[in-house]
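Peer 1: Structure file final.txt (compact mmCIF, C-alpha atoms) right here:
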# COMPACT_ATOMS: atom_id res chain seq x y z
CA MET A 1 117.94 60.11 90.77
CA SER A 2 115.94 63.14 91.89
CA ILE A 3 117.54 66.16 93.57
CA ILE A 4 115.19 67.87 96.03
CA ARG A 5 115.40 69.49 99.46
CA ASN A 6 113.68 66.90 101.64
CA PRO A 7 111.57 63.92 100.53
CA GLU A 8 109.82 63.86 103.92
CA LEU A 9 107.91 67.05 103.05
CA TYR A 10 105.61 65.25 100.62
CA ALA A 11 102.45 65.26 102.78
CA SER A 12 102.23 69.06 102.73
CA GLY A 13 102.83 69.04 98.99
CA GLU A 14 100.08 66.47 98.43
CA GLN A 15 97.65 68.66 100.35
CA LYS A 16 98.47 71.62 98.10
CA ILE A 17 98.10 69.55 94.93
CA ALA A 18 94.76 68.18 96.10
CA TRP A 19 93.50 71.72 96.69
CA VAL A 20 94.39 73.00 93.22
CA LYS A 21 93.08 69.83 91.58
CA GLY A 22 89.71 70.54 93.16
CA ASN A 23 89.74 73.97 91.53
CA MET A 24 91.03 73.01 88.07
CA PRO A 25 88.12 71.28 86.28
CA LEU A 26 89.68 71.54 82.81
CA LEU A 27 92.80 69.67 83.87
CA ARG A 28 90.69 67.10 85.74
CA GLY A 29 88.78 66.41 82.54
CA LEU A 30 91.99 66.14 80.53
CA GLU A 31 93.52 63.82 83.11
CA ALA A 32 90.63 61.38 82.61
CA GLU A 33 90.84 61.67 78.82
CA PHE A 34 94.61 61.26 78.72
CA ARG A 35 94.42 58.21 80.99
CA ASP A 36 92.14 56.56 78.41
CA GLU A 37 93.91 57.82 75.26
CA GLN A 38 97.57 57.50 76.41
CA PRO A 39 98.76 60.18 73.93
CA PHE A 40 102.27 60.34 75.44
CA VAL A 41 102.98 56.65 75.92
CA GLY A 42 106.67 55.99 75.39
CA LEU A 43 107.53 59.71 75.21
CA ARG A 44 109.95 61.55 77.48
CA VAL A 45 108.71 65.00 78.52
CA ALA A 46 110.94 67.66 80.11
CA LEU A 47 109.23 70.45 81.99
CA SER A 48 110.67 73.68 83.40
CA VAL A 49 107.88 75.80 84.89
CA HIS A 50 107.51 77.51 88.27
CA LEU A 51 107.38 74.46 90.50
CA GLU A 52 104.36 74.85 92.76
CA ALA A 53 101.12 72.91 93.16
CA LYS A 54 99.38 73.86 89.90
CA THR A 55 102.45 72.93 87.87
CA ALA A 56 102.70 69.66 89.81
CA TYR A 57 99.14 68.80 88.85
CA LEU A 58 99.91 69.53 85.18
CA CYS A 59 102.84 67.09 85.49
CA ARG A 60 100.50 64.40 86.84
CA VAL A 61 98.01 65.01 84.04
CA LEU A 62 100.76 64.44 81.48
CA GLN A 63 102.01 61.42 83.41
CA ALA A 64 98.48 59.98 83.37
CA GLY A 65 98.71 60.14 79.58
CA GLY A 66 101.81 57.96 79.56
CA ALA A 67 104.55 60.61 79.68
CA GLN A 68 107.86 59.88 81.36
CA MET A 69 108.28 63.18 83.22
CA ALA A 70 111.51 64.96 84.17
CA VAL A 71 110.73 68.14 86.07
CA THR A 72 112.52 71.24 87.28
CA GLY A 73 111.53 74.79 88.21
CA SER A 74 111.98 77.83 85.99
CA ASN A 75 112.95 80.07 88.92
CA PRO A 76 114.56 78.82 92.16
CA LEU A 77 112.67 81.40 94.21
CA SER A 78 109.28 80.00 93.20
CA THR A 79 110.12 76.32 93.78
CA GLN A 80 108.15 74.83 96.67
CA ASP A 81 110.13 72.02 98.28
CA ASP A 82 107.10 70.19 99.64
CA VAL A 83 105.48 70.09 96.19
CA ALA A 84 108.70 68.75 94.67
CA ALA A 85 108.75 66.07 97.39
CA ALA A 86 105.16 65.08 96.57
CA LEU A 87 106.04 64.52 92.92
CA VAL A 88 109.05 62.41 93.85
CA HIS A 89 106.95 60.44 96.35
CA GLY A 90 104.60 59.68 93.45
CA GLY A 91 107.46 58.29 91.36
CA MET A 92 108.42 61.28 89.21
CA GLU A 93 111.95 62.54 88.55
CA VAL A 94 112.39 66.06 89.94
CA PHE A 95 115.45 68.30 90.08
CA ALA A 96 114.60 71.49 91.97
CA VAL A 97 115.41 73.14 95.29
CA HIS A 98 114.01 76.40 96.60
CA GLY A 99 116.66 79.12 96.68
CA ALA A 100 119.16 77.25 94.53
CA ASP A 101 122.05 79.43 93.39
CA ALA A 102 122.84 79.99 89.71
CA ALA A 103 125.18 76.99 89.44
CA GLU A 104 122.71 74.65 91.17
CA TYR A 105 119.85 75.92 89.03
CA ARG A 106 121.80 75.23 85.85
CA ALA A 107 122.79 71.79 87.13
CA HIS A 108 119.11 70.96 87.66
CA LEU A 109 118.31 72.03 84.10
CA CYS A 110 121.13 69.81 82.86
CA GLU A 111 119.79 66.83 84.83
CA VAL A 112 116.45 67.25 83.09
CA MET A 113 118.06 67.64 79.68
CA GLU A 114 120.13 64.49 80.18
CA THR A 115 116.92 62.45 80.18
CA ARG A 116 116.95 63.12 76.39
CA PRO A 117 113.45 64.63 76.17
CA GLN A 118 111.24 64.34 73.11
CA ILE A 119 108.82 67.08 74.19
CA ILE A 120 109.85 70.25 76.07
CA ILE A 121 107.52 72.42 78.15
CA ASP A 122 109.40 75.61 78.94
CA ASP A 123 108.77 78.83 80.86
CA GLY A 124 111.30 81.50 80.03
CA GLY A 125 113.28 79.54 77.45
CA ASP A 126 116.06 78.12 79.62
CA LEU A 127 115.55 74.48 78.59
CA VAL A 128 115.38 75.29 74.88
CA ASN A 129 118.50 77.45 75.05
CA LEU A 130 120.36 74.78 77.01
CA LEU A 131 119.34 72.16 74.46
CA HIS A 132 120.67 74.18 71.54
CA ASN A 133 123.85 75.43 73.20
CA ASP A 134 124.96 72.47 75.33
CA TYR A 135 123.11 69.39 74.06
CA PRO A 136 122.86 69.81 70.27
CA ALA A 137 123.30 66.04 69.84
CA TYR A 138 119.84 65.59 71.40
CA LEU A 139 118.06 67.90 68.94
CA ALA A 140 117.20 65.12 66.49
CA GLU A 141 115.14 63.32 69.15
CA VAL A 142 112.99 66.35 70.04
CA LEU A 143 109.54 66.44 68.43
CA GLY A 144 108.94 70.01 69.65
CA GLY A 145 107.71 71.92 72.62
CA CYS A 146 105.63 74.67 74.18
CA GLU A 147 106.65 78.03 75.67
CA GLU A 148 104.56 79.48 78.50
CA THR A 149 105.63 83.08 78.86
CA THR A 150 106.31 86.33 76.98
CA THR A 151 110.00 86.37 77.88
CA GLY A 152 110.52 82.86 76.53
CA ILE A 153 108.74 83.67 73.27
CA LEU A 154 110.91 86.75 72.79
CA ARG A 155 113.96 84.52 73.17
CA LEU A 156 112.52 81.99 70.71
CA MET A 157 111.73 84.68 68.17
CA ALA A 158 115.29 85.98 68.42
CA MET A 159 116.61 82.46 67.84
CA ALA A 160 114.27 81.96 64.87
CA LYS A 161 115.34 85.28 63.36
CA GLN A 162 118.97 84.20 63.62
CA GLY A 163 118.14 80.82 62.09
CA SER A 164 119.33 78.99 65.19
CA LEU A 165 116.01 77.52 66.40
CA LYS A 166 116.09 73.88 65.26
CA ILE A 167 112.81 72.54 66.69
CA PRO A 168 109.12 73.53 66.43
CA MET A 169 107.82 75.46 69.45
CA LEU A 170 104.21 76.41 70.12
CA ALA A 171 103.80 79.93 71.49
CA VAL A 172 101.39 79.12 74.33
CA ASN A 173 101.64 82.62 75.78
CA ASN A 174 100.19 84.05 72.55
CA ALA A 175 97.03 81.94 72.74
CA LYS A 176 93.98 84.07 73.53
CA CYS A 177 92.95 81.89 76.46
CA LYS A 178 96.44 82.48 77.90
CA TYR A 179 97.26 86.17 77.58
CA LEU A 180 93.71 87.52 77.89
CA PHE A 181 93.20 85.74 81.20
CA ASP A 182 96.43 84.43 82.75
CA ASN A 183 98.48 87.54 81.94
CA ARG A 184 95.77 90.08 82.67
CA TYR A 185 93.76 88.55 85.51
CA GLY A 186 96.28 86.03 86.86
CA THR A 187 99.30 88.33 86.98
CA GLY A 188 97.09 91.27 87.90
CA GLN A 189 95.87 89.50 91.03
CA SER A 190 98.93 87.48 92.02
CA VAL A 191 101.30 90.45 91.88
CA TRP A 192 99.18 92.36 94.36
CA ASP A 193 98.62 89.25 96.47
CA GLY A 194 102.39 88.97 96.77
CA ILE A 195 103.00 92.66 97.45
CA ASN A 196 100.25 92.95 100.04
CA ARG A 197 101.27 89.76 101.84
CA THR A 198 104.92 90.81 101.88
CA THR A 199 104.61 94.48 102.83
CA ASN A 200 101.42 94.59 104.94
CA LEU A 201 100.93 98.15 103.57
CA ILE A 202 97.85 99.85 102.21
CA VAL A 203 97.69 100.58 98.47
CA ALA A 204 94.81 103.07 98.49
CA GLY A 205 96.04 106.64 98.25
CA LYS A 206 99.49 105.62 97.04
CA THR A 207 101.01 106.16 93.59
CA VAL A 208 101.80 102.96 91.71
CA VAL A 209 104.19 103.06 88.75
CA VAL A 210 103.67 100.17 86.32
CA ALA A 211 106.51 99.70 83.83
CA GLY A 212 105.09 98.16 80.66
CA TYR A 213 101.50 98.13 79.42
CA GLY A 214 101.30 94.74 77.77
CA TRP A 215 98.68 92.29 78.99
CA CYS A 216 100.45 91.74 82.30
CA GLY A 217 100.91 95.46 82.81
CA LYS A 218 97.25 96.06 82.00
CA GLY A 219 96.26 93.58 84.70
CA VAL A 220 98.60 95.05 87.32
CA ALA A 221 97.41 98.59 86.57
CA MET A 222 93.75 97.56 86.63
CA ARG A 223 94.09 95.92 90.04
CA ALA A 224 96.08 98.87 91.43
CA LYS A 225 93.30 101.21 90.34
CA GLY A 226 90.74 98.92 91.97
CA LEU A 227 92.73 99.06 95.22
CA GLY A 228 92.48 102.85 95.22
CA ALA A 229 95.91 103.81 93.91
CA GLN A 230 96.87 106.58 91.54
CA VAL A 231 98.46 104.75 88.59
CA VAL A 232 101.33 105.93 86.40
CA VAL A 233 102.39 103.86 83.39
CA THR A 234 105.77 103.95 81.66
CA GLU A 235 105.96 102.66 78.09
CA ILE A 236 108.21 102.69 75.02
CA ASP A 237 105.42 101.73 72.60
CA ALA A 238 103.40 104.78 71.52
CA VAL A 239 100.28 102.72 70.77
CA LYS A 240 100.31 101.04 74.18
CA ALA A 241 101.03 104.38 75.86
CA MET A 242 98.00 105.87 74.10
CA GLU A 243 95.90 102.93 75.26
CA ALA A 244 97.04 103.53 78.85
CA VAL A 245 96.06 107.20 78.62
CA MET A 246 92.62 106.29 77.25
CA ASP A 247 92.23 103.74 80.06
CA GLY A 248 92.55 106.66 82.46
CA PHE A 249 96.18 106.37 83.53
CA THR A 250 98.99 108.92 83.58
CA VAL A 251 101.90 108.12 81.25
CA LEU A 252 105.38 109.40 82.10
CA PRO A 253 109.01 108.52 81.34
CA MET A 254 110.53 106.47 84.14
CA GLU A 255 112.78 109.25 85.40
CA GLN A 256 109.77 111.52 85.92
CA ALA A 257 107.64 108.72 87.35
CA ALA A 258 110.45 108.02 89.82
CA GLU A 259 109.73 111.29 91.61
CA VAL A 260 106.09 110.43 92.42
CA GLY A 261 105.94 106.66 92.84
CA ASP A 262 105.40 104.74 96.06
CA PHE A 263 105.30 101.29 94.42
CA PHE A 264 107.28 100.47 91.26
CA ILE A 265 106.34 97.26 89.41
CA THR A 266 108.23 96.15 86.30
CA VAL A 267 106.41 93.93 83.80
CA THR A 268 108.34 94.39 80.55
CA GLY A 269 110.56 91.36 79.90
CA CYS A 270 113.47 93.77 79.21
CA LYS A 271 116.58 94.62 81.23
CA ASP A 272 117.51 97.84 83.06
CA VAL A 273 113.99 99.26 83.22
CA ILE A 274 114.80 100.89 86.58
CA THR A 275 118.39 102.08 86.90
CA GLU A 276 120.53 104.53 88.83
CA LYS A 277 119.01 107.57 87.08
CA ALA A 278 115.55 106.74 88.40
CA MET A 279 116.77 105.51 91.80
CA ARG A 280 118.41 108.87 92.51
CA ARG A 281 115.01 110.57 92.13
CA MET A 282 112.86 108.18 94.19
CA LYS A 283 111.31 109.21 97.45
CA ASN A 284 112.25 107.70 100.78
CA GLY A 285 110.49 104.38 101.36
CA ALA A 286 109.77 103.59 97.71
CA LEU A 287 109.14 99.87 97.06
CA LEU A 288 110.63 98.19 93.98
CA CYS A 289 108.98 95.03 92.69
CA ASN A 290 109.65 92.93 89.59
CA ALA A 291 106.91 90.81 88.03
CA GLY A 292 108.87 90.03 84.85
CA HIS A 293 110.28 86.55 84.41
CA PHE A 294 113.98 87.30 85.00
CA ASN A 295 115.58 89.48 87.68
CA VAL A 296 117.10 91.93 85.21
CA GLU A 297 114.41 94.61 85.02
CA ILE A 298 115.51 96.36 88.22
CA ASN A 299 119.26 96.95 88.13
CA VAL A 300 120.20 95.57 91.54
CA GLY A 301 123.85 96.38 90.86
CA ASP A 302 122.96 100.07 90.69
CA LEU A 303 121.08 99.79 93.99
CA GLU A 304 124.11 98.21 95.63
CA LYS A 305 126.45 100.84 94.18
CA LEU A 306 124.31 103.74 95.38
CA SER A 307 123.67 102.38 98.86
CA VAL A 308 125.83 102.83 101.94
CA GLU A 309 123.99 100.13 103.90
CA GLN A 310 121.92 97.07 103.08
CA PHE A 311 119.66 95.34 105.59
CA GLU A 312 116.56 93.18 105.89
CA SER A 313 113.62 95.58 106.16
CA ARG A 314 111.17 92.73 106.59
CA LYS A 315 111.09 89.10 105.49
CA ASN A 316 111.56 89.02 101.70
CA ILE A 317 112.36 92.77 101.58
CA THR A 318 115.88 94.22 101.38
CA GLY A 319 116.45 97.84 102.37
CA TYR A 320 119.08 99.95 100.61
CA ARG A 321 120.07 103.10 102.51
CA MET A 322 121.37 105.89 100.29
CA ALA A 323 124.06 108.39 101.28
CA ASP A 324 121.37 111.08 101.72
CA GLY A 325 119.45 108.89 104.19
CA ARG A 326 116.70 107.70 101.84
CA VAL A 327 115.84 104.01 101.95
CA LEU A 328 114.64 102.12 98.88
CA HIS A 329 113.07 98.71 99.45
CA LEU A 330 113.50 95.80 97.04
CA ILE A 331 111.00 92.94 97.26
CA ALA A 332 112.16 89.36 96.63
CA GLU A 333 115.68 90.37 95.59
CA GLY A 334 114.28 91.77 92.35
CA ARG A 335 112.92 88.40 91.31
CA LEU A 336 109.28 87.47 90.74
CA VAL A 337 107.33 89.20 93.46
CA ASN A 338 104.12 87.28 92.78
CA LEU A 339 105.80 83.89 93.05
CA ALA A 340 108.42 84.73 95.64
CA ALA A 341 105.85 85.91 98.14
CA GLY A 342 102.98 83.54 97.39
CA ASP A 343 101.69 80.68 95.29
CA GLY A 344 101.57 82.48 91.96
CA HIS A 345 98.52 82.80 89.77
CA PRO A 346 95.11 81.60 91.00
CA ALA A 347 94.27 77.97 90.25
CA GLU A 348 91.16 78.83 88.21
CA ILE A 349 93.25 80.99 85.87
CA MET A 350 96.10 78.51 85.50
CA ASP A 351 93.50 75.85 84.75
CA MET A 352 93.10 77.47 81.33
CA SER A 353 96.81 78.10 80.73
CA PHE A 354 97.81 74.58 81.69
CA ALA A 355 94.93 73.06 79.73
CA ILE A 356 96.45 74.82 76.69
CA GLN A 357 99.86 73.41 77.63
CA ALA A 358 98.46 69.89 77.92
CA LEU A 359 96.57 70.09 74.63
CA CYS A 360 99.58 71.61 72.87
CA ALA A 361 101.78 68.82 74.20
CA ARG A 362 99.29 66.33 72.76
CA HIS A 363 99.39 68.23 69.45
CA ILE A 364 103.20 67.98 69.44
CA ALA A 365 103.05 64.27 70.23
CA LYS A 366 100.76 63.71 67.24
CA ASN A 367 102.20 66.18 64.73
CA GLY A 368 105.73 67.08 65.84
CA LYS A 369 107.40 65.06 63.11
CA THR A 370 105.61 67.08 60.41
CA LEU A 371 106.10 70.56 61.92
CA ALA A 372 108.92 72.74 60.64
CA ALA A 373 111.42 74.25 63.05
CA GLY A 374 110.35 77.67 64.26
CA VAL A 375 107.79 79.43 66.45
CA HIS A 376 104.23 78.30 65.72
CA PRO A 377 100.93 79.75 66.92
CA VAL A 378 98.71 77.60 69.09
CA PRO A 379 96.12 75.98 66.77
CA GLU A 380 92.91 78.02 66.94
CA GLU A 381 90.84 74.95 67.69
CA ILE A 382 92.77 74.48 70.96
CA ASP A 383 91.93 78.03 72.06
CA HIS A 384 88.25 77.48 71.30
CA GLU A 385 88.22 74.07 72.97
CA VAL A 386 89.66 75.54 76.18
CA ALA A 387 87.11 78.38 76.14
CA ARG A 388 84.22 75.96 75.62
CA ARG A 389 85.44 73.70 78.43
CA LYS A 390 85.82 76.64 80.82
CA LEU A 391 82.37 78.04 80.04
CA SER A 392 80.89 74.58 80.53
CA ALA A 393 82.63 74.29 83.91
CA TRP A 394 81.03 77.59 84.88
CA GLY A 395 77.63 76.44 83.66
CA VAL A 396 77.58 79.18 81.01
CA SER A 397 75.94 78.69 77.60
CA VAL A 398 76.52 80.87 74.54
CA ASP A 399 74.50 81.55 71.41
CA THR A 400 75.14 79.73 68.14
CA LEU A 401 74.53 80.90 64.59
CA SER A 402 71.51 79.64 62.73
CA PRO A 403 72.03 78.09 59.27
CA GLU A 404 70.67 81.30 57.74
CA GLN A 405 73.17 83.41 59.70
CA GLU A 406 75.99 81.10 58.64
CA ARG A 407 75.00 81.50 54.99
CA TYR A 408 74.76 85.28 55.39
CA LEU A 409 78.24 85.58 56.90
CA ASN A 410 79.72 83.17 54.39
CA SER A 411 78.27 85.28 51.56
CA TRP A 412 80.48 88.17 52.67
CA ASN A 413 83.53 85.90 52.51
CA GLY A 414 82.92 85.01 48.91
Let me see whether you can do it: turn the structure in this file into C-alpha cells.

Peer 2:
Amino acid sequence: MSIIRNPELYASGEQKIAWVKGNMPLLRGLEAEFRDEQPFVGLRVALSVHLEAKTAYLCRVLQAGGAQMAVTGSNPLSTQDDVAAALVHGGMEVFAVHGADAAEYRAHLCEVMETRPQIIIDDGGDLVNLLHNDYPAYLAEVLGGCEETTTGILRLMAMAKQGSLKIPMLAVNNAKCKYLFDNRYGTGQSVWDGINRTTNLIVAGKTVVVAGYGWCGKGVAMRAKGLGAQVVVTEIDAVKAMEAVMDGFTVLPMEQAAEVGDFFITVTGCKDVITEKAMRRMKNGALLCNAGHFNVEINVGDLEKLSVEQFESRKNITGYRMADGRVLHLIAEGRLVNLAAGDGHPAEIMDMSFAIQALCARHIAKNGKTLAAGVHPVPEEIDHEVARRKLSAWGVSVDTLSPEQERYLNSWNG
C-alpha cells in the first residue's frame, strides 16, 4: 500500500504532469511505442529518482509498456506530494513524502525494494546499495538497471572495483545525450532558477565561486557568466582547471576563493568541499548552495559549530551568525538547491535524459540475462537514436555521407 502525504492532492499533480508531457515529445513517442510493444510486460520496475512531474511522466511511459512500477524519490526535499498523489490516483505504488527524515526515507526505499524488482532505475545509487547490503536474496531476480547521475556512477564504480557489484548497471549519466545537455544546460539553468527564486538577489556584479568543473560545473559557470557575474572555479583536476582558465574563468583554491565569493555553489559529488577553513574567511552575507546529489559537500556541522545563532533568513534559507557578527546563508539546508527551490531541470532537457532511461530499461528487459555484472556504457545506438529523435522534434535535418564519402572514410580504417 502506498505511503504518501495526501491522496487528495492529485489534481494539482495531474496538471503538472500534463504540462511536462506537452513539452517532452521524445517520451510521448516512446509512450506510444511501448504501449504497442509491451517490452516490460510481467516485469517489476523499481524507480528512485527525484519525484516531480517529469519523473512521474517517465513512470507512466514505463507503465504503458507493461511495467509494474514501484516508485520513490531519491531526495526527500525534491519530492512533490501532489505529483506522488497523482501517480497513486492512477494506480501506481508510491512511497515518498516531501521532507521525510532519514529513517522515513530509508523506509520508503525498503518498501520499494520489497516489491522484488527485476529492473532498477536509480539516481544516486541508494536502491542498488540497499539491494546489495540489505536484500541480497533478491539479487538473483534482478536483470539489471540504470543509474542517472554522476554520484551514483561513482558509487557503482567503487562497488565494481571492490568486486561487490552483482548486477549489470547502465551508466546513463555517461551517455553523450545526458551529460552534454542535462548536466551542462539542465543543471546550469535549474541551479540559477532555484537560487534566483529563493534569494530574490541580483547576480550581475557579484562573484560566484563554482566548486568543480565537470559538466555540471561548466553549465553553472557558463550561466553565472551570462548573468553578469565574475566567476571563480575551484578544482582538484589540473586538466579541468586548465580548461576553466581557457574558458575565461579565474581558478583558485577554495580557501582563497572564500575571501572573494558572494555565491558558493558546490557541484563535485565529493564531501567536505566547503569546511570551517573556508567559512572563517568568507565575507558577511555569503550564500552557500549545493547542487551535488548528496548534502555532504558543504559541511553543515562546521557551520553549526562556528555559529552563535541560527535563524531563518528567508524561506528555504538558514542564517548562521558567527561570533564576529558575520552571517553566512545556507540555501535548502545544504541539499539540492535546484530541486529544493524549484522543479528541477527543464522538461525539454529531461526529455532526452529520460528517453535514454526508457530505452536503457528496454535494453535491460531484452538483454539483462546475458549482461555480466558491472558498470556498462549506454549502447551507442541509444545515444544516436535519442539525438535523431530530438532533432526531428525540433524540425532540424542533418547532412548524411554519400556512398563515395563512406568508402573514403572506410579506406582510412583499413

Peer 1: Which of these, A:Ala373, A:Ile331, A:Leu30, A:Ile356, has the shortest distance to Cys177 in chain A once you count only C-alpha atoms?

Peer 2: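 Among the listed residues, the smallest separation from Cys177 in chain A belongs to A:Ile356.
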
Peer 1: Compare A:Ala355, A:Ala241, A:Val210, A:Leu27 by their minimum atom-to-atom distance to Ala257 in chain A, counting all atoms listed in the file, and give me the closest one.

Peer 2: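 Ranking A:Ala355, A:Ala241, A:Val210, A:Leu27 by distance to Ala257 in chain A, first place goes to A:Val210.
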
Peer 1: Identify which of the residues A:Asp182, A:Asp262, A:Glu404, A:Glu111 lies closest to Ala286 in chain A, counting only C-alpha atoms when measuring atom-to-atom distances.

Peer 2: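 Using only C-alpha atoms, the shortest distance to Ala286 in chain A belongs to A:Asp262.
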
Peer 1: Taking only residues of range 258-301 of chain A that have an atom at most 12 Å from an atom of range 198-201 of chain A, what is each one's shortest atom pair and its distance in Å to one decimal, using only C-alpha atoms, in chain and number order, as CSV?

Peer 2:
residue,atom,partner,partner_atom,distance
A:Asp262,CA,A:Leu201,CA,10.9
A:Phe263,CA,A:Leu201,CA,10.6
A:Gly285,CA,A:Thr199,CA,11.6
A:Ala286,CA,A:Thr199,CA,11.7
A:Leu287,CA,A:Thr199,CA,9.1
A:Leu288,CA,A:Thr199,CA,11.3
A:Cys289,CA,A:Thr198,CA,10.9

Peer 1: Please report the interatomic distance between CA of Ala358 in chain A and CA of Val378 in chain A in Å with one decimal.

Peer 2: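 If I compute the distance from CA of Ala358 in chain A to CA of Val378 in chain A, I get 11.7 Å.
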
Peer 1: List the neighbours of range 64-78 of chain A out to 6 Å using all atoms listed in the file; skip same-chain residues closer than 5 positions along the sequence, and give me the result as a count of residues only.

Peer 2: 25

Peer 1: Report, in Å to a single decimal, how far apart CA of Ala85 in chain A and CA of Pro7 in chain A are.

Peer 2: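 Here the two named atoms are 4.7 Å from each other.
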
Peer 1: Padding 8 Å on each side, edges along x, y and z: where is the centre of the box around the listed atoms of range 66-75 of chain A, and how long are its edges in Å to one decimal? Output it as JSON.

Peer 2:
{"center_x": 107.4, "center_y": 69.0, "center_z": 84.2, "size_x": 27.1, "size_y": 38.1, "size_z": 25.4}

Peer 1: Compile the contact shell of Arg388 in chain A as a short mmCIF file (atom, residue, chain, number, x, y, z; two decimals) with C-alpha atoms, in the coordinates of the input: residues with an atom at most 12 Å away, counting all atoms listed in the file, same-chain residues fewer than 6 positions apart removed.

Peer 2:
data_model
loop_
_atom_site.label_atom_id
_atom_site.label_comp_id
_atom_site.auth_asym_id
_atom_site.auth_seq_id
_atom_site.Cartn_x
_atom_site.Cartn_y
_atom_site.Cartn_z
CA LEU A 26 89.68 71.54 82.81
CA CYS A 177 92.95 81.89 76.46
CA MET A 352 93.10 77.47 81.33
CA ALA A 355 94.93 73.06 79.73
CA GLU A 381 90.84 74.95 67.69
CA ILE A 382 92.77 74.48 70.96
CA TRP A 394 81.03 77.59 84.88
CA GLY A 395 77.63 76.44 83.66
CA VAL A 396 77.58 79.18 81.01
CA SER A 397 75.94 78.69 77.60
CA VAL A 398 76.52 80.87 74.54
CA ASP A 399 74.50 81.55 71.41
#

Peer 1: Find, counting all atoms listed in the file, the residue in A:Lys54, A:His345, A:Arg321, A:Arg60 that gets nearest to Asp193 in chain A.

Peer 2: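 Under the stated criterion, the closest residue is A:His345.
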
Peer 1: With all atoms listed in the file as the atoms that count, which of A:Asp272, A:Glu406, A:Glu312, A:Glu147 lies nearest to Pro377 in chain A?

Peer 2: A:Glu147

Peer 1: With a distance cut-off of 6 Å and only C-alpha atoms, select the neighbouring residues of range 140-145 of chain A, excluding the residue or stretch itself and same-chain residues fewer than 5 positions from it, and output the selection as a list in words.

Peer 2: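 Once the adjacent positions are removed, what remains is Gln118, Ile119, Ile120, Ile121, Ile167, Pro168, Met169, Gly368 and Lys369 of chain A.
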
Peer 1: Work out how far CA of Phe294 in chain A is from CA of Asn316 in chain A, in Å to one decimal.

Peer 2: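 Interatomic distance here is 17.0 Å.
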
Peer 1: Identify, on the basis of all atoms listed in the file, every residue whose closest approach to Val296 in chain A does not exceed 9 Å; exclude the query and any residue fewer than 3 positions from it along the same chain; express the result as an MDAnalysis selection string.

Peer 2: chainID A and resid 269:273 290 292:293 299:300 334:335

Peer 1: A:Met1, A:Leu62, A:Cys110, A:Val245: which is nearest Glu33 in chain A, counting only C-alpha atoms?

Peer 2: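 Smallest separation from Glu33 in chain A among the options: A:Leu62.
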
Peer 1: Could you give me, as number ranges by chain, the residues within 12 Å of Ala160 in chain A, counting all atoms listed in the file and dropping anything in the same chain fewer than 2 positions from it?

Peer 2: A: 129, 153-158, 162-169, 372-376
